[in-house]
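Okay, run03.txt now, which holds compact mmCIF, C-alpha atoms:
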# COMPACT_ATOMS: atom_id res chain seq x y z
CA MET H 1 -7.96 56.24 28.25
CA ARG H 2 -4.62 56.20 30.08
CA THR H 3 -4.77 54.94 33.69
CA ILE H 4 -2.08 55.86 36.20
CA LEU H 5 -2.05 53.79 39.41
CA ILE H 6 0.00 55.64 42.02
CA THR H 7 1.38 53.87 45.07
CA GLY H 8 4.42 53.85 47.33
CA PRO H 9 5.53 53.17 50.89
CA GLY H 10 3.40 54.61 53.66
CA GLY H 11 4.35 58.21 54.38
CA SER H 12 5.99 58.73 50.99
CA GLY H 13 3.50 61.44 49.95
CA ARG H 14 1.78 59.35 47.28
CA THR H 15 -1.65 60.98 47.85
CA THR H 16 -0.20 64.47 47.48
CA LEU H 17 1.60 63.51 44.28
CA ALA H 18 -1.51 61.77 42.93
CA ALA H 19 -3.45 65.00 43.44
CA ALA H 20 -0.63 67.05 41.89
CA THR H 21 -0.41 64.70 38.88
CA ALA H 22 -4.15 64.92 38.22
CA LEU H 23 -4.20 68.69 38.69
CA ALA H 24 -1.28 69.20 36.30
CA ALA H 25 -2.91 67.03 33.63
CA ALA H 26 -6.20 68.92 33.97
CA ALA H 27 -4.35 72.24 33.68
CA GLU H 28 -2.97 71.06 30.32
CA GLY H 29 -6.50 70.43 29.02
CA THR H 30 -6.86 66.71 29.77
CA ARG H 31 -10.22 65.56 31.12
CA THR H 32 -9.07 63.88 34.32
CA LEU H 33 -10.68 61.80 37.05
CA LEU H 34 -8.86 61.49 40.39
CA LEU H 35 -9.94 58.40 42.32
CA GLY H 36 -9.05 57.88 46.00
CA ALA H 37 -9.40 55.02 48.48
CA ASP H 38 -8.65 56.44 51.93
CA ARG H 39 -11.40 56.51 54.53
CA THR H 40 -10.33 59.97 55.62
CA ASP H 41 -10.38 62.75 53.06
CA THR H 42 -6.64 62.93 52.43
CA LEU H 43 -7.28 63.77 48.79
CA GLY H 44 -9.44 66.71 49.80
CA ALA H 45 -6.78 67.91 52.22
CA ALA H 46 -4.21 67.95 49.41
CA LEU H 47 -6.52 69.55 46.85
CA GLY H 48 -7.90 72.09 49.28
CA THR H 49 -11.46 71.03 48.49
CA ARG H 50 -13.66 68.31 49.91
CA THR H 51 -14.07 64.96 48.13
CA GLY H 52 -16.74 62.34 48.77
CA PRO H 53 -18.82 59.42 47.45
CA ASP H 54 -20.19 61.45 44.54
CA PRO H 55 -17.86 62.60 41.75
CA ALA H 56 -17.41 66.37 42.02
CA GLU H 57 -15.42 69.01 40.17
CA ALA H 58 -12.26 69.91 42.08
CA ALA H 59 -10.81 72.18 39.38
CA PRO H 60 -11.47 72.91 35.71
CA ARG H 61 -11.42 69.55 33.83
CA LEU H 62 -10.63 67.72 37.09
CA THR H 63 -13.17 65.49 38.85
CA ALA H 64 -12.40 63.92 42.24
CA TRP H 65 -14.16 60.84 43.58
CA ARG H 66 -13.78 58.89 46.84
CA PRO H 67 -16.21 55.92 46.81
CA ASP H 68 -18.14 55.02 49.97
CA PRO H 69 -17.56 51.30 50.79
CA ALA H 70 -20.43 51.26 53.30
CA GLN H 71 -22.93 52.30 50.65
CA ASP H 72 -21.78 49.67 48.17
CA PHE H 73 -21.66 46.95 50.86
CA ARG H 74 -25.25 47.62 51.98
CA ARG H 75 -26.52 47.60 48.41
CA ASP H 76 -24.75 44.35 47.50
CA LEU H 77 -25.79 42.48 50.64
CA SER H 78 -29.40 43.62 50.30
CA ALA H 79 -29.45 42.38 46.70
CA LEU H 80 -27.94 39.05 47.78
CA GLN H 81 -30.62 38.65 50.47
CA ASP H 82 -33.31 39.32 47.89
CA ARG H 83 -31.96 36.62 45.60
CA ALA H 84 -31.61 34.11 48.45
CA SER H 85 -34.95 34.95 50.06
CA SER H 86 -36.45 31.47 49.50
CA ALA H 87 -33.44 29.75 51.06
CA LEU H 88 -33.43 32.16 54.01
CA ASP H 89 -37.16 31.59 54.56
CA LEU H 90 -36.64 27.83 54.45
CA LEU H 91 -33.97 28.10 57.13
CA GLY H 92 -36.08 30.44 59.23
CA ALA H 93 -33.41 33.14 59.04
CA SER H 94 -34.28 36.78 59.58
CA ARG H 95 -33.09 39.35 57.08
CA LEU H 96 -30.62 42.06 57.98
CA ASP H 97 -31.81 45.64 57.56
CA SER H 98 -29.54 48.03 55.68
CA GLU H 99 -29.32 50.26 58.78
CA GLU H 100 -27.60 47.52 60.79
CA LEU H 101 -25.08 46.51 58.13
CA THR H 102 -21.45 47.40 58.83
CA PRO H 103 -18.88 46.89 56.06
CA LEU H 104 -16.67 43.85 56.53
CA PRO H 105 -12.90 43.84 55.92
CA GLY H 106 -12.29 44.02 52.20
CA ALA H 107 -15.29 46.23 51.45
CA GLU H 108 -13.01 49.22 50.79
CA GLU H 109 -10.98 47.29 48.26
CA LEU H 110 -14.06 46.02 46.43
CA ALA H 111 -15.57 49.52 46.34
CA LEU H 112 -12.39 50.95 44.82
CA LEU H 113 -12.19 48.17 42.22
CA ARG H 114 -15.79 48.76 41.21
CA ALA H 115 -15.15 52.49 40.91
CA LEU H 116 -12.02 51.77 38.85
CA ARG H 117 -14.08 49.65 36.46
CA ASP H 118 -16.88 52.22 36.16
CA ALA H 119 -14.40 55.03 35.57
CA ALA H 120 -12.52 53.10 32.90
CA LEU H 121 -15.75 52.29 31.05
CA SER H 122 -16.81 55.91 31.13
CA GLU H 123 -16.20 58.05 28.07
CA SER H 124 -16.15 61.26 30.08
CA TYR H 125 -12.40 61.25 30.82
CA ASP H 126 -9.10 60.97 28.99
CA LEU H 127 -7.00 60.21 32.06
CA LEU H 128 -7.69 58.26 35.25
CA VAL H 129 -5.36 58.85 38.22
CA VAL H 130 -5.84 56.39 41.09
CA ASP H 131 -4.43 57.04 44.56
CA LEU H 132 -3.85 53.46 45.70
CA PRO H 133 -3.12 52.40 49.30
CA PRO H 134 0.51 51.87 50.40
CA THR H 135 2.35 49.36 48.24
CA PRO H 136 1.75 46.08 50.18
CA ARG H 137 -2.01 46.72 50.30
CA ALA H 138 -2.01 48.01 46.74
CA LEU H 139 -0.46 44.78 45.46
CA ASP H 140 -3.09 42.72 47.30
CA LEU H 141 -5.79 44.97 45.88
CA LEU H 142 -4.57 44.63 42.29
CA ALA H 143 -4.33 40.84 42.69
CA LEU H 144 -7.87 40.54 44.08
CA PRO H 145 -9.82 40.25 40.78
CA GLU H 146 -7.62 37.43 39.50
CA VAL H 147 -7.71 35.56 42.82
CA LEU H 148 -11.49 35.89 43.29
CA ARG H 149 -12.19 34.77 39.72
CA ARG H 150 -10.09 31.66 40.29
CA TYR H 151 -11.99 30.88 43.50
CA LEU H 152 -15.32 31.27 41.69
CA ARG H 153 -14.26 28.96 38.85
CA ARG H 154 -13.16 26.29 41.33
CA LEU H 155 -16.20 26.51 43.61
CA LEU H 156 -18.83 26.98 40.87
CA PRO H 157 -17.38 25.78 37.56
CA PRO H 158 -19.24 27.40 34.65
CA GLU H 159 -19.43 24.11 32.74
CA ARG H 160 -21.66 22.64 35.45
CA GLN H 161 -24.37 25.10 34.50
CA ALA H 162 -25.00 22.98 31.40
CA ALA H 163 -26.64 20.39 33.65
CA ARG H 164 -29.17 22.85 35.08
CA ALA H 165 -32.10 20.81 33.71
CA LEU H 166 -30.80 17.72 35.49
CA ARG H 167 -30.30 19.35 38.89
CA PRO H 168 -33.61 18.20 40.42
CA VAL H 169 -32.90 14.62 39.31
CA LEU H 170 -29.29 14.76 40.48
CA GLY H 171 -30.42 16.20 43.80
CA ARG H 172 -32.78 13.26 44.38
CA LEU H 173 -30.14 10.73 43.34
CA ALA H 174 -27.42 12.29 45.51
CA GLY H 175 -29.74 12.92 48.41
CA VAL H 176 -28.48 16.50 48.79
CA PRO H 177 -29.85 19.75 47.35
CA MET H 178 -28.06 21.03 44.26
CA PRO H 179 -26.99 24.68 43.94
CA ALA H 180 -29.86 26.93 42.99
CA GLU H 181 -30.05 28.77 39.69
CA TRP H 182 -29.64 32.16 41.36
CA LEU H 183 -26.28 31.04 42.80
CA TYR H 184 -24.86 30.34 39.35
CA GLU H 185 -26.32 33.55 38.00
CA THR H 186 -24.74 35.53 40.84
CA ALA H 187 -21.38 33.81 40.32
CA ALA H 188 -21.53 34.56 36.57
CA ARG H 189 -22.33 38.21 37.26
CA TRP H 190 -19.46 38.50 39.76
CA ASP H 191 -17.10 36.83 37.33
CA LEU H 192 -18.09 39.28 34.62
CA GLU H 193 -17.55 42.29 36.91
CA LEU H 194 -14.19 40.98 38.14
CA ALA H 195 -13.10 40.26 34.57
CA ALA H 196 -13.82 43.89 33.67
CA VAL H 197 -11.64 45.11 36.55
CA GLU H 198 -8.89 42.64 35.64
CA ALA H 199 -8.98 43.91 32.07
CA VAL H 200 -8.49 47.50 33.25
CA VAL H 201 -5.48 46.54 35.37
CA ALA H 202 -3.94 44.49 32.56
CA ASP H 203 -4.74 47.04 29.84
CA ARG H 204 -1.80 48.25 27.75
CA ASP H 205 -2.62 51.86 28.71
CA THR H 206 -2.50 51.15 32.46
CA VAL H 207 0.76 51.79 34.31
CA VAL H 208 1.91 51.95 37.91
CA ARG H 209 3.72 55.08 39.06
CA LEU H 210 5.84 54.52 42.17
CA VAL H 211 6.43 57.24 44.75
CA ALA H 212 9.19 56.94 47.36
CA GLU H 213 11.36 59.19 49.47
CA PRO H 214 15.05 58.51 48.75
CA GLY H 215 16.70 56.89 51.75
CA PRO H 216 17.29 53.45 53.30
CA ALA H 217 13.65 52.86 54.25
CA GLY H 218 12.38 53.93 50.84
CA ALA H 219 14.97 51.79 49.07
CA ASP H 220 13.96 48.63 50.97
CA ALA H 221 10.26 49.22 50.34
CA LEU H 222 10.90 49.94 46.66
CA ARG H 223 12.88 46.73 46.23
CA ALA H 224 9.95 44.69 47.54
CA ALA H 225 7.47 46.69 45.47
CA GLY H 226 9.39 46.05 42.26
CA LEU H 227 9.37 42.31 42.89
CA GLY H 228 5.64 42.27 43.66
CA LEU H 229 4.76 44.31 40.58
CA ALA H 230 6.91 42.10 38.34
CA LEU H 231 5.24 38.92 39.62
CA ARG H 232 1.84 40.46 38.83
CA GLY H 233 3.04 41.42 35.36
CA LEU H 234 2.30 45.11 35.97
CA ARG H 235 4.05 47.92 34.08
CA THR H 236 5.71 50.94 35.68
CA ASP H 237 6.31 54.23 33.90
CA VAL H 238 8.43 56.35 36.24
CA LEU H 239 9.67 56.37 39.80
CA VAL H 240 8.99 59.69 41.51
CA ALA H 241 11.57 60.50 44.18
CA ASN H 242 9.65 62.76 46.54
CA ARG H 243 10.86 65.40 49.01
CA VAL H 244 14.33 65.70 47.50
CA LEU H 245 16.47 68.15 49.45
CA PRO H 246 18.42 70.93 47.68
CA GLU H 247 22.04 70.12 46.89
CA ALA H 248 23.22 73.61 47.71
CA SER H 249 22.03 74.62 51.15
CA PRO H 250 23.49 77.00 53.73
CA ASP H 251 22.42 74.61 56.51
CA ALA H 252 25.38 72.36 57.35
CA TRP H 253 23.17 69.78 59.09
CA LEU H 254 21.55 68.96 55.72
CA ALA H 255 24.84 67.69 54.27
CA GLY H 256 24.33 64.16 55.66
CA PRO H 257 20.70 63.69 54.47
CA VAL H 258 21.55 65.22 51.08
CA ALA H 259 24.46 62.80 50.58
CA GLN H 260 22.24 59.87 51.59
CA GLN H 261 19.55 60.91 49.12
CA ARG H 262 22.12 61.36 46.37
CA LYS H 263 23.44 57.83 46.88
CA THR H 264 19.95 56.33 46.83
CA LEU H 265 19.01 58.22 43.67
CA GLU H 266 22.11 56.94 41.89
CA GLU H 267 21.12 53.37 42.77
CA TRP H 268 17.53 53.88 41.65
CA ARG H 269 18.57 55.30 38.28
CA GLU H 270 20.21 51.98 37.43
CA SER H 271 16.77 50.30 37.36
CA TYR H 272 14.13 53.04 36.97
CA ASP H 273 13.32 56.16 35.05
CA VAL H 274 13.64 58.47 38.08
CA ARG H 275 12.01 61.90 38.30
CA THR H 276 12.62 64.09 41.33
CA VAL H 277 10.19 66.33 43.18
CA ALA H 278 11.72 68.96 45.45
CA HIS H 279 10.94 69.33 49.14
CA LEU H 280 8.90 72.53 49.58
CA GLY H 281 9.87 72.87 53.21
CA ARG H 282 6.20 72.50 54.18
CA ASP H 283 3.25 70.19 53.63
CA PRO H 284 1.71 71.03 50.24
CA VAL H 285 -1.92 72.14 50.55
CA GLY H 286 -4.07 73.53 47.77
CA ALA H 287 -3.68 74.04 44.04
CA ASP H 288 -0.80 76.54 44.27
CA ASP H 289 1.39 74.26 46.38
CA LEU H 290 0.60 71.26 44.17
CA ALA H 291 1.61 73.24 41.09
CA ASP H 292 4.91 74.19 42.77
CA LEU H 293 5.80 70.51 43.09
CA ALA H 294 6.36 70.27 39.32
CA VAL H 295 5.44 66.58 39.14
CA PRO H 296 6.27 64.62 35.97
CA GLY H 297 3.57 64.92 33.35
CA VAL H 298 1.44 62.27 31.69
CA ASP H 299 1.36 61.78 27.95
CA PRO H 300 -1.89 59.93 27.13
CA ASP H 301 -0.49 58.94 23.72
CA ALA H 302 2.94 57.74 24.88
CA PRO H 303 3.50 54.04 24.08
CA VAL H 304 3.81 51.72 27.09
CA PRO H 305 6.09 48.71 26.56
CA PRO H 306 4.29 45.46 27.44
CA VAL H 307 5.49 43.08 30.14
CA GLU H 308 6.29 39.79 28.44
CA TRP H 309 6.88 36.28 29.81
CA PRO H 310 8.19 34.66 26.62
CA VAL H 311 8.72 30.97 25.95
CA THR H 312 11.85 30.14 23.98
CA ASP H 313 12.25 26.96 21.97
CA ARG H 314 15.44 25.11 22.85
CA LEU H 315 14.22 21.69 21.81
CA GLY H 316 16.93 21.39 19.15
CA GLU H 317 19.82 22.35 21.46
CA ASP H 318 18.80 21.15 24.94
CA GLY H 319 15.53 19.29 24.39
CA VAL H 320 13.52 21.75 26.49
CA LEU H 321 11.28 24.80 26.29
CA VAL H 322 12.22 27.69 28.59
CA TRP H 323 9.71 30.03 30.20
CA HIS H 324 11.28 33.41 31.05
CA ILE H 325 9.65 35.21 34.01
CA PRO H 326 11.24 38.59 34.90
CA LEU H 327 11.57 38.93 38.68
CA PRO H 328 13.97 41.80 39.45
CA GLY H 329 15.09 41.80 43.05
CA ALA H 330 14.23 38.15 43.63
CA VAL H 331 16.46 36.09 45.93
CA ARG H 332 17.13 32.46 45.12
CA GLU H 333 16.53 31.30 48.70
CA GLU H 334 13.09 32.96 48.73
CA LEU H 335 11.85 31.42 45.48
CA ASP H 336 9.52 28.42 45.29
CA LEU H 337 7.80 26.72 42.37
CA VAL H 338 5.01 24.15 42.39
CA ARG H 339 3.42 22.61 39.30
CA ARG H 340 -0.28 21.98 39.82
CA GLY H 341 -2.03 20.60 36.78
CA ASP H 342 -2.03 23.29 34.11
CA GLU H 343 -0.92 25.98 36.58
CA LEU H 344 2.36 27.07 38.12
CA VAL H 345 2.44 28.37 41.68
CA VAL H 346 5.22 30.96 41.95
CA THR H 347 6.34 32.26 45.35
CA ALA H 348 8.86 35.11 45.42
CA GLY H 349 9.63 36.50 48.86
CA PRO H 350 6.32 37.56 50.46
CA PHE H 351 4.43 37.37 47.15
CA ARG H 352 2.62 34.43 45.59
CA ARG H 353 0.79 33.99 42.31
CA ILE H 354 -0.86 31.08 40.54
CA VAL H 355 -0.49 31.47 36.78
CA PRO H 356 -1.85 29.29 33.97
CA LEU H 357 0.75 27.62 31.82
CA PRO H 358 1.03 28.57 28.15
CA SER H 359 -0.62 25.92 25.99
CA ALA H 360 2.66 24.43 24.73
CA LEU H 361 3.96 23.94 28.28
CA ARG H 362 0.88 22.03 29.44
CA ARG H 363 2.11 19.01 27.51
CA CYS H 364 5.48 19.16 29.28
CA THR H 365 6.97 18.30 32.65
CA VAL H 366 9.08 20.70 34.71
CA ASP H 367 12.74 19.93 34.13
CA GLY H 368 14.29 22.53 36.45
CA ALA H 369 14.61 26.25 37.04
CA ALA H 370 17.28 28.88 37.54
CA LEU H 371 17.40 32.54 38.59
CA ARG H 372 19.79 34.59 36.48
CA GLU H 373 20.15 38.35 36.28
CA GLY H 374 16.73 39.03 37.80
CA GLU H 375 14.96 36.53 35.54
CA LEU H 376 13.44 33.19 36.51
CA ARG H 377 13.96 30.61 33.76
CA VAL H 378 11.82 27.50 34.10
CA ARG H 379 12.70 24.56 31.86
CA PHE H 380 10.01 22.24 30.52
CA ALA H 381 10.66 18.89 28.85
CA PRO H 382 8.04 17.45 26.46
CA ASP H 383 5.96 14.64 27.98
CA PRO H 384 6.20 11.68 25.54
CA LYS H 385 2.62 10.66 26.43
CA LEU H 386 1.22 14.06 25.41
CA TRP H 387 3.71 15.52 22.93
CA PRO H 388 2.99 14.97 19.22
CA ARG H 389 5.30 12.38 17.73
CA THR H 390 7.31 13.15 14.59
CA ARG H 391 8.04 10.64 11.89

Full structure transcribed into structure tokens:
Amino acid sequence: MRTILITGPGGSGRTTLAAATALAAAAEGTRTLLLGADRTDTLGAALGTRTGPDPAEAAPRLTAWRPDPAQDFRRDLSALQDRASSALDLLGASRLDSEELTPLPGAEELALLRALRDAALSESYDLLVVDLPPTPRALDLLALPEVLRRYLRRLLPPERQAARALRPVLGRLAGVPMPAEWLYETAARWDLELAAVEAVVADRDTVVRLVAEPGPAGADALRAAGLGLALRGLRTDVLVANRVLPEASPDAWLAGPVAQQRKTLEEWRESYDVRTVAHLGRDPVGADDLADLAVPGVDPDAPVPPVEWPVTDRLGEDGVLVWHIPLPGAVREELDLVRRGDELVVTAGPFRRIVPLPSALRRCTVDGAALREGELRVRFAPDPKLWPRTR
């Protein structure tokens, strides 16, 4: 199944174009699921039909779904209280009733990720269109599975579960209670669920479709978005330039905005596959207006080029291995690298990611780095203590 993740700067019309993309695919005979994340029913406003926590048919071969974070939060916390009932009773704590539970910050993101996983595992659809939040929040959302899995592995390492039979003895020797079995089981279940979401995001058939309105504000936001997506290793298919004004217009006052849009589009075409969507002169509402937008289509069978971070062998020439990390739009002064064990902490502008080193580079030391033509090249020199010796 092809997955299209649609995002863009706030106010760029991404929700409208997500609805139009899903509707157009369904009209061509593709079984499509449209997934939204907004608290308010912005998807329903665009489609002209209400959407909610239960998947419902919005048009022939089109299902719309807007998960309810409150419902998922109450269910998860109730299950956690059930598992920790003995510990809560020991502490004299009183349980929280589902009626008094209010979702905490982050519940919306977790609900959307769970829905994304469930939709991807379903065999009922050929295409999944996801209306993500504005780009900064969308990048945090897409990074969440990887970050949470790393936290779980550090706080509750899976290898420590092998000593489960020794926990009572270790607890008496250490004088402190050891983690209970249910805690490891819960961590393993969470890790499995997060891994499934991470696999959907990293799948070769998953792409990000950017939506932006051509102009100075859209250009700045798009530049940051491209850097964030590159650091996450996410693929983009097309950039949709929304609300493009007509070149030939009898209104003289449009000449300035049209010229500004034209200049921005020329700059974008140097880096992206740009598709334009005309300004209708009104807010699109309902299936007819969405069809008039003539959004770019989706080919479920079209190949998606992978994002690669290759390692080149320059041991013979320079005595180093070079790790190539594409970071278009990165600025040298805003780059930072930290080697931490078998991981590399990469900071690019406002974005940060901790990535595991390829196996060959774990036996090396960092020998320097350079940013050239939108690509970060990190040099690694073999560590004589760890590198195999040759006779």

Could you list, as a list in words, every residue within 7 Å of stretch 202-210 of chain H, counting all atoms listed in the file and ignoring same-chain residues fewer than 3 positions away? Met1, Arg2, Thr3, Ile4, Leu5, Ile6, Thr7, Gly8, Glu198, Ala199, Arg235, Thr236, Asp237, Val238, Leu239, Val240, Val304 and Pro306 of chain H

My list of candidates is H:Leu371, H:Ala224, H:Pro157, H:Ala46. Which is closest to H:Gly349 when distances are computed with all atoms listed in the file? H:Ala224

Rounded to one decimal in Å, what is the spacing between atom CA of H:Val346 and atom CA of H:Ala37?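 A separation of 28.9 Å between them.
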
Rounded to one decimal, what separation in Å do you get between atom CA of H:Gly48 and atom CA of H:Leu113?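 Atom CA of H:Gly48 sits 25.3 Å away from atom CA of H:Leu113.
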
The residues within 10 Å of (5.3, 22.9, 21.3), using only C-alpha atoms and the coordinates of the file, should be reported as a count of residues only; which are they? 15

Quick one: of H:Thr42, H:Thr49, H:Thr30, H:Thr264, who's nearest to H:Ala287, counting all atoms listed in the file?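 Of H:Thr42, H:Thr49, H:Thr30, H:Thr264, the one nearest H:Ala287, counting all atoms listed in the file, is H:Thr49.
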
Å distance separating atom CA of H:Glu193 from atom CA of H:Glu123, one decimal place: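 Result for atom CA of H:Glu193 versus atom CA of H:Glu123: 18.1 Å, one decimal.
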
Residue nearest H:Pro134 - candidates H:Thr15, H:Thr276, H:Thr365, H:Thr63, atoms counted: all atoms listed in the file: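 Going through H:Thr15, H:Thr276, H:Thr365, H:Thr63 one by one, the smallest distance to H:Pro134 is for H:Thr15.
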
Would you please work out which residue, of H:Pro60, H:Pro310, H:Gly226, H:Arg243, is nearest to H:Tyr272 when using only C-alpha atoms?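 Checking each of H:Pro60, H:Pro310, H:Gly226, H:Arg243 against H:Tyr272, counting only C-alpha atoms, the winner is H:Gly226.
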
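Between H:Gly374 and the residues H:Leu231, H:Val244, H:Leu62, H:Ala255, the shortest atom-to-atom distance, using all atoms listed in the file, involves H:Leu231.
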
Fewer than 6 positions away in the same chain doesn't count, so skip those; otherwise give me all residues within 7 Å of H:Asn242, counting all atoms listed in the file, as a compact mmCIF listing (two decimals) with C-alpha atoms, in the coordinates of the input.
# COMPACT_ATOMS: atom_id res chain seq x y z
CA VAL H 211 6.43 57.24 44.75
CA ALA H 212 9.19 56.94 47.36
CA GLU H 213 11.36 59.19 49.47
CA THR H 276 12.62 64.09 41.33
CA VAL H 277 10.19 66.33 43.18
CA ALA H 278 11.72 68.96 45.45
